[in-house]
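Chemist: Just passing along the structure, written as structure tokens.
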Amino acid sequence: MKYIKNYINGQLIAPVLDEHIENIDPSRGKVYSMIPDSNQQDVENAVIAAEAAFSAWSNTPKDERAAIMIKIADIIESRLDQFAAAESLDNGKPVSLASHVDIPRAVSNLKFFATAIQHYASESHNMEGQGINYTLRKPIGIVGCISPWNLPLYLFTWKIAPAIAAGNCVIAKPSEVTPMTAFMLSEVCAEAGLPKGVLNIVHGLGHKVGDAMTKHPKIKAISFTGGTNTGATIAKIAAPMFKKLSLELGGKNPNIIFADCDFDKALSTTIRSSFANQGQICLCGSRIFIERPIYEKFKAVFVAKVEKSKVSYPSDPEAKLGAVVSQPHMEKVLSYIELAKEEGGTVLTGGHQVKLEGEYSEGYYIRPTIIEGLAYDCRTNQEEIFGPVVTITPFDTEEEVLKMANSTQYGLASTVWTENLRKAHRVANEIDAGIVWVNSWLVRDLRTPFGGVKNSGVGREGGFEALRFFTEPKNVFIQN
Ligand code: NAD
């Protein structure tokens, strides 16, 4: 049995109490490795290491910091197959997805922020006749990065990369559900020569490790991605301590499909945006609104195509969907399908667990599920399911669809499908969301602001927004 280790002060070590929790392979439903069950003392040790490293790291020239980050990225890239296999085993996602999306994106995150920091500039404000203000951007010090299980290394590096590029030292906690590639990253960091204490990875449970990080007075900022309730718990603790917070939370994203769309493109992209990663991407569209003139046609082809999507073990090259991440998560998703039926919904396809053969018979597989006939304001259409379950709803007017689209507590992302440019601009402007994709989905430019409105979060990640988050401005005025 493999034992994952913490990465503290440049060392791969067991947690202080040498206690562990089980790590389950969701494709087989079997324990396959052990995760440190770290506690407050492990976090404390990480903070001591980070504190000792901060002065040297924050004074290391940007190009030297960048060179180490690029070396880390290059090593991951050279082991892409190993990383993709590990990510898939840990999470249940198809290997093809991990090797085309998750791991390449982790590499890009590191390279992007290694170079972004070299282009980062701060403002100056001239006061004619009096003097000049210039604004320094200083690293914060020790910062915390807490990430979820759905895109493990992708989201972990999305936080760590800007934090260390900006000169901070980091205490990072991956999800206890998917810790493996974070562990592999720690091995790579040591190999690439990242100075000890700059990045410390403490594995374990949210209410122990995450909570200890949130409460630690020397961790001055928390960048968190995860559920809305967890975000609220963190905010409650961190706000009176005046910590900087970036919260990327849940979603219930609408896809708005107008009758004048490019039908085939809207259809094929909607299949991806519904079921990629088993629907476990915060940006997946789970409420699909289709304009009435094309509703029946869209529904028929959508259902027919989704029925052909293969649900299979992650290393099956033909798998369109792998396993969902855990048994409790599978049960949660299935319970929402039951709720949808109670609320009067009709399951058009899917709606049940899938039992694979042989070694995968205990895995957590669900057929991609499409439901119709639900009110826009019922629980199924208001609460985040975060699995391979979507609802379809017809609409007649822009006003009506905007009302339905904007009716949830969330506001993360949205798609709009129309060939009418004016309509696209108008609707994009009216949707309550941090991100709108017109005639596309999940096209990501790492320079753009990323985040949600309403209960989908506070703050923005991406590009200079992330570098601003991980630095403190200090204004200096020089009198003429
Ligand atoms: P989660 O909130 O349960 O856990 C996220 C992380 O927080 C984990 O590392 C967990 O251990 C930690 N944690 C749990 N309790 C904590 C506590 N009390 N204090 C500090 N840390 C704690 O979320 P999850 O189930 O891992 O991920 C799924 C959720 O993440 C979904 O709601 C999804 O929408 C959201 N998500 C959002 C984005 C985004 O960018 N907005 C991206 C991906 C996922």
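Letters A, B, ... go to the chains of the structure tokens in the order shown; residues in each chain start at 1; ligands are counted from 1 in the same order.
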Select from chain A every residue with an atom at most 8 Å from any atom of ligand 1, then for each give the shortest pair of atoms and their distance in Å to one decimal, using only C-alpha atoms and all ligand atoms, rows by chain and rising number, as a Markdown table.
Modeler:
```
| residue | atom | partner | partner_atom_place_in_ligand_line | distance |
| --- | --- | --- | --- | --- |
| A:Ile146 | CA | ligand 1 | 9 (O) | 5.2 |
| A:Ser147 | CA | ligand 1 | 9 (O) | 4.7 |
| A:Pro148 | CA | ligand 1 | 26 (O) | 3.5 |
| A:Trp149 | CA | ligand 1 | 26 (O) | 4.7 |
| A:Asn150 | CA | ligand 1 | 44 (C) | 6.1 |
| A:Leu151 | CA | ligand 1 | 43 (C) | 6.8 |
| A:Leu155 | CA | ligand 1 | 43 (C) | 7.3 |
| A:Lys173 | CA | ligand 1 | 9 (O) | 5.9 |
| A:Pro174 | CA | ligand 1 | 9 (O) | 4.9 |
| A:Ser175 | CA | ligand 1 | 9 (O) | 3.4 |
| A:Glu176 | CA | ligand 1 | 11 (O) | 5.6 |
| A:Val177 | CA | ligand 1 | 26 (O) | 7.4 |
| A:Gly204 | CA | ligand 1 | 11 (O) | 6.9 |
| A:Leu205 | CA | ligand 1 | 11 (O) | 5.0 |
| A:Gly206 | CA | ligand 1 | 11 (O) | 3.3 |
| A:His207 | CA | ligand 1 | 18 (N) | 4.2 |
| A:Lys208 | CA | ligand 1 | 17 (C) | 7.3 |
| A:Val209 | CA | ligand 1 | 20 (C) | 7.0 |
| A:Gly210 | CA | ligand 1 | 20 (C) | 3.4 |
| A:Asp211 | CA | ligand 1 | 19 (N) | 4.0 |
| A:Ala212 | CA | ligand 1 | 20 (C) | 7.6 |
| A:Met213 | CA | ligand 1 | 20 (C) | 7.2 |
| A:Thr214 | CA | ligand 1 | 20 (C) | 6.3 |
| A:Phe224 | CA | ligand 1 | 7 (O) | 7.0 |
| A:Thr225 | CA | ligand 1 | 37 (C) | 5.3 |
| A:Gly226 | CA | ligand 1 | 30 (O) | 3.1 |
| A:Gly227 | CA | ligand 1 | 32 (O) | 3.4 |
| A:Thr228 | CA | ligand 1 | 32 (O) | 6.0 |
| A:Asn229 | CA | ligand 1 | 2 (O) | 6.8 |
| A:Thr230 | CA | ligand 1 | 2 (O) | 4.6 |
| A:Gly231 | CA | ligand 1 | 2 (O) | 6.7 |
| A:Thr233 | CA | ligand 1 | 18 (N) | 5.9 |
| A:Ile234 | CA | ligand 1 | 19 (N) | 5.6 |
| A:Leu247 | CA | ligand 1 | 41 (N) | 7.5 |
| A:Glu248 | CA | ligand 1 | 41 (N) | 3.7 |
| A:Leu249 | CA | ligand 1 | 41 (N) | 4.0 |
| A:Gly250 | CA | ligand 1 | 34 (O) | 3.3 |
| A:Gly251 | CA | ligand 1 | 34 (O) | 5.2 |
| A:Gln280 | CA | ligand 1 | 33 (C) | 7.5 |
| A:Ile281 | CA | ligand 1 | 43 (C) | 6.0 |
| A:Cys282 | CA | ligand 1 | 34 (O) | 4.2 |
| A:Leu283 | CA | ligand 1 | 42 (C) | 7.4 |
| A:Glu384 | CA | ligand 1 | 32 (O) | 6.9 |
| A:Phe386 | CA | ligand 1 | 31 (C) | 6.5 |
| A:Leu412 | CA | ligand 1 | 41 (N) | 6.6 |
| A:Phe450 | CA | ligand 1 | 40 (O) | 7.6 |
| A:Gly451 | CA | ligand 1 | 41 (N) | 6.1 |
| A:Gly452 | CA | ligand 1 | 41 (N) | 6.5 |
| A:Ser456 | CA | ligand 1 | 41 (N) | 6.1 |
| A:Gly457 | CA | ligand 1 | 41 (N) | 6.7 |
```
Chemist: Do you know which residues are at most 12 Å from region 396-405 of chain A counting only C-alpha atoms, after dropping those on the same chain fewer than 4 positions away, and could you put them as a PyMOL selection string?
Modeler: chain A and resi 251-259+285-295+374-378+381-382+392+409-416+418+423-424+426-433
Chemist: Return as a ChimeraX atom specification the full set of residues in region 323-405 of chain A whose backbone-based DSSP assignment is alpha helix (DSSP H).
Modeler: /A:327-342,379-382,398-405
Chemist: Got a sec to tell me which of region 365-406 of chain A DSSP assigns to strand (DSSP E or B), as an MDAnalysis selection string?
Modeler: chainID A and resid 365:366 369:372 389:395
Chemist: Kindly assemble as a Markdown table a list of the region 173-289 of chain A residues that lie within 10 Å of region 58-76 of chain A, each paired with its nearest atom pair and their distance in Å to one decimal, using only C-alpha atoms, sorted first by chain and then by ascending residue number.
Modeler:
```
| residue | atom | partner | partner_atom | distance |
| --- | --- | --- | --- | --- |
| A:Met184 | CA | A:Ile76 | CA | 9.0 |
| A:Leu185 | CA | A:Ile76 | CA | 7.8 |
| A:Ser186 | CA | A:Ile72 | CA | 9.7 |
| A:Glu187 | CA | A:Ile72 | CA | 9.9 |
| A:Val188 | CA | A:Ile72 | CA | 6.2 |
| A:Cys189 | CA | A:Ile72 | CA | 6.1 |
| A:Ala190 | CA | A:Ile72 | CA | 9.1 |
| A:Glu191 | CA | A:Ile72 | CA | 8.2 |
| A:Ala192 | CA | A:Ile72 | CA | 5.6 |
| A:Gly193 | CA | A:Ile68 | CA | 6.8 |
| A:Leu194 | CA | A:Ile68 | CA | 6.3 |
| A:Pro195 | CA | A:Ile68 | CA | 9.3 |
| A:Val198 | CA | A:Ser58 | CA | 9.6 |
```
Chemist: Could you please take those selected residues and save N, CA, C and O atoms as an mmCIF file, in the first residue's frame?
Modeler:
```
data_model
loop_
_atom_site.group_PDB
_atom_site.id
_atom_site.type_symbol
_atom_site.label_atom_id
_atom_site.label_comp_id
_atom_site.auth_asym_id
_atom_site.auth_seq_id
_atom_site.Cartn_x
_atom_site.Cartn_y
_atom_site.Cartn_z
ATOM 1 N N MET A 184 2.620 13.932 -5.946
ATOM 2 C CA MET A 184 3.617 13.818 -7.022
ATOM 3 C C MET A 184 4.242 15.181 -7.327
ATOM 4 O O MET A 184 5.434 15.283 -7.631
ATOM 5 N N LEU A 185 3.420 16.233 -7.217
ATOM 6 C CA LEU A 185 3.949 17.590 -7.419
ATOM 7 C C LEU A 185 5.025 17.890 -6.375
ATOM 8 O O LEU A 185 6.055 18.495 -6.685
ATOM 9 N N SER A 186 4.801 17.451 -5.137
ATOM 10 C CA SER A 186 5.802 17.748 -4.106
ATOM 11 C C SER A 186 7.127 17.054 -4.420
ATOM 12 O O SER A 186 8.194 17.627 -4.208
ATOM 13 N N GLU A 187 7.036 15.851 -4.978
ATOM 14 C CA GLU A 187 8.278 15.158 -5.357
ATOM 15 C C GLU A 187 9.003 15.950 -6.457
ATOM 16 O O GLU A 187 10.222 16.090 -6.438
ATOM 17 N N VAL A 188 8.215 16.497 -7.381
ATOM 18 C CA VAL A 188 8.806 17.260 -8.497
ATOM 19 C C VAL A 188 9.435 18.561 -7.989
ATOM 20 O O VAL A 188 10.511 18.967 -8.439
ATOM 21 N N CYS A 189 8.770 19.216 -7.029
ATOM 22 C CA CYS A 189 9.295 20.486 -6.506
ATOM 23 C C CYS A 189 10.670 20.280 -5.888
ATOM 24 O O CYS A 189 11.595 21.084 -6.092
ATOM 25 N N ALA A 190 10.797 19.193 -5.125
ATOM 26 C CA ALA A 190 12.077 18.897 -4.486
ATOM 27 C C ALA A 190 13.132 18.682 -5.580
ATOM 28 O O ALA A 190 14.247 19.227 -5.511
ATOM 29 N N GLU A 191 12.755 17.944 -6.619
ATOM 30 C CA GLU A 191 13.681 17.631 -7.719
ATOM 31 C C GLU A 191 14.084 18.897 -8.494
ATOM 32 O O GLU A 191 15.222 19.035 -8.941
ATOM 33 N N ALA A 192 13.139 19.809 -8.659
ATOM 34 C CA ALA A 192 13.403 21.008 -9.476
ATOM 35 C C ALA A 192 14.187 22.071 -8.711
ATOM 36 O O ALA A 192 14.547 23.104 -9.279
ATOM 37 N N GLY A 193 14.413 21.840 -7.430
ATOM 38 C CA GLY A 193 15.225 22.787 -6.657
ATOM 39 C C GLY A 193 14.429 23.941 -6.068
ATOM 40 O O GLY A 193 14.999 25.001 -5.763
ATOM 41 N N LEU A 194 13.129 23.755 -5.871
ATOM 42 C CA LEU A 194 12.366 24.799 -5.180
ATOM 43 C C LEU A 194 12.905 24.871 -3.756
ATOM 44 O O LEU A 194 12.964 23.851 -3.055
ATOM 45 N N PRO A 195 13.320 26.063 -3.303
ATOM 46 C CA PRO A 195 13.895 26.134 -1.949
ATOM 47 C C PRO A 195 12.927 25.600 -0.898
ATOM 48 O O PRO A 195 11.710 25.764 -1.016
ATOM 49 N N VAL A 198 9.189 26.978 0.700
ATOM 50 C CA VAL A 198 8.423 27.892 -0.178
ATOM 51 C C VAL A 198 7.025 27.328 -0.424
ATOM 52 O O VAL A 198 6.031 28.045 -0.354
#
```
Chemist: Fewer than 4 positions away in the same chain doesn't count, so skip those; otherwise give me all residues within 7 Å of region 260-264 of chain A, counting only C-alpha atoms, as number ranges by chain.
Modeler: A: 268, 417-419
Chemist: Print the selection's residues with C-alpha atoms to a file, as a JSON list (two decimals), in the first residue's frame.
Modeler:
```json
[["chain", "number", "residue", "atom", "x", "y", "z"],
["A", 268, "SER", "CA", -22.18, 18.75, -29.56],
["A", 417, "TRP", "CA", -26.17, 30.01, -28.30],
["A", 418, "THR", "CA", -27.36, 32.32, -31.06],
["A", 419, "GLU", "CA", -26.13, 33.54, -34.45]]
```
Chemist: I want to know what sits within 8 Å of region 178-180 of chain A, based on only C-alpha atoms, with residues of the same chain fewer than 6 positions away left out; could you give that as an MDAnalysis selection string?
Modeler: chainID A and resid 4 23 35 86:87 90:91 149 152 203
Chemist: For each of A:Met34, A:Asn277, A:Ala304, A:Trp158, take the minimum atom-to-atom distance to Gly462 (chain A), counting only C-alpha atoms, then give the residue where this is smallest.
Modeler: A:Trp158
Chemist: Excluding same-chain residues fewer than 4 positions from Glu461 (chain A), what lies within 8 Å of it counting only C-alpha atoms, as a list of chain:residue names?
Modeler: A:Ser246, A:Pro449, A:Phe450, A:Gly451, A:Glu465, A:Ala466, A:Phe469
Chemist: Name the closest residue to Ile142 (chain A) among the candidates A:Ala14, A:Ala50, A:Ile371, A:Leu348; distances are taken between atoms, counting only C-alpha atoms.
Modeler: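 Of A:Ala14, A:Ala50, A:Ile371, A:Leu348, the one nearest Ile142 (chain A) is A:Ala50, counting only C-alpha atoms.
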Chemist: Interatomic distance between CA of Thr157 (chain A) and CA of Ala106 (chain A)?
Modeler: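 One can read the CA of Thr157 (chain A) to CA of Ala106 (chain A) distance as 5.8 Å.
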Chemist: So how far away is CA of Asp316 (chain A) from CA of Arg105 (chain A), in Å?
Modeler: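 That distance, rounded to one decimal, is 21.9 Å.
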Chemist: Would you mind reading off the distance between CA of Ser124 (chain A) and CA of Gly167 (chain A), one decimal, in Å?
Modeler: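 Taking CA of Ser124 (chain A) as the start and CA of Gly167 (chain A) as the end point, the length is 21.4 Å.
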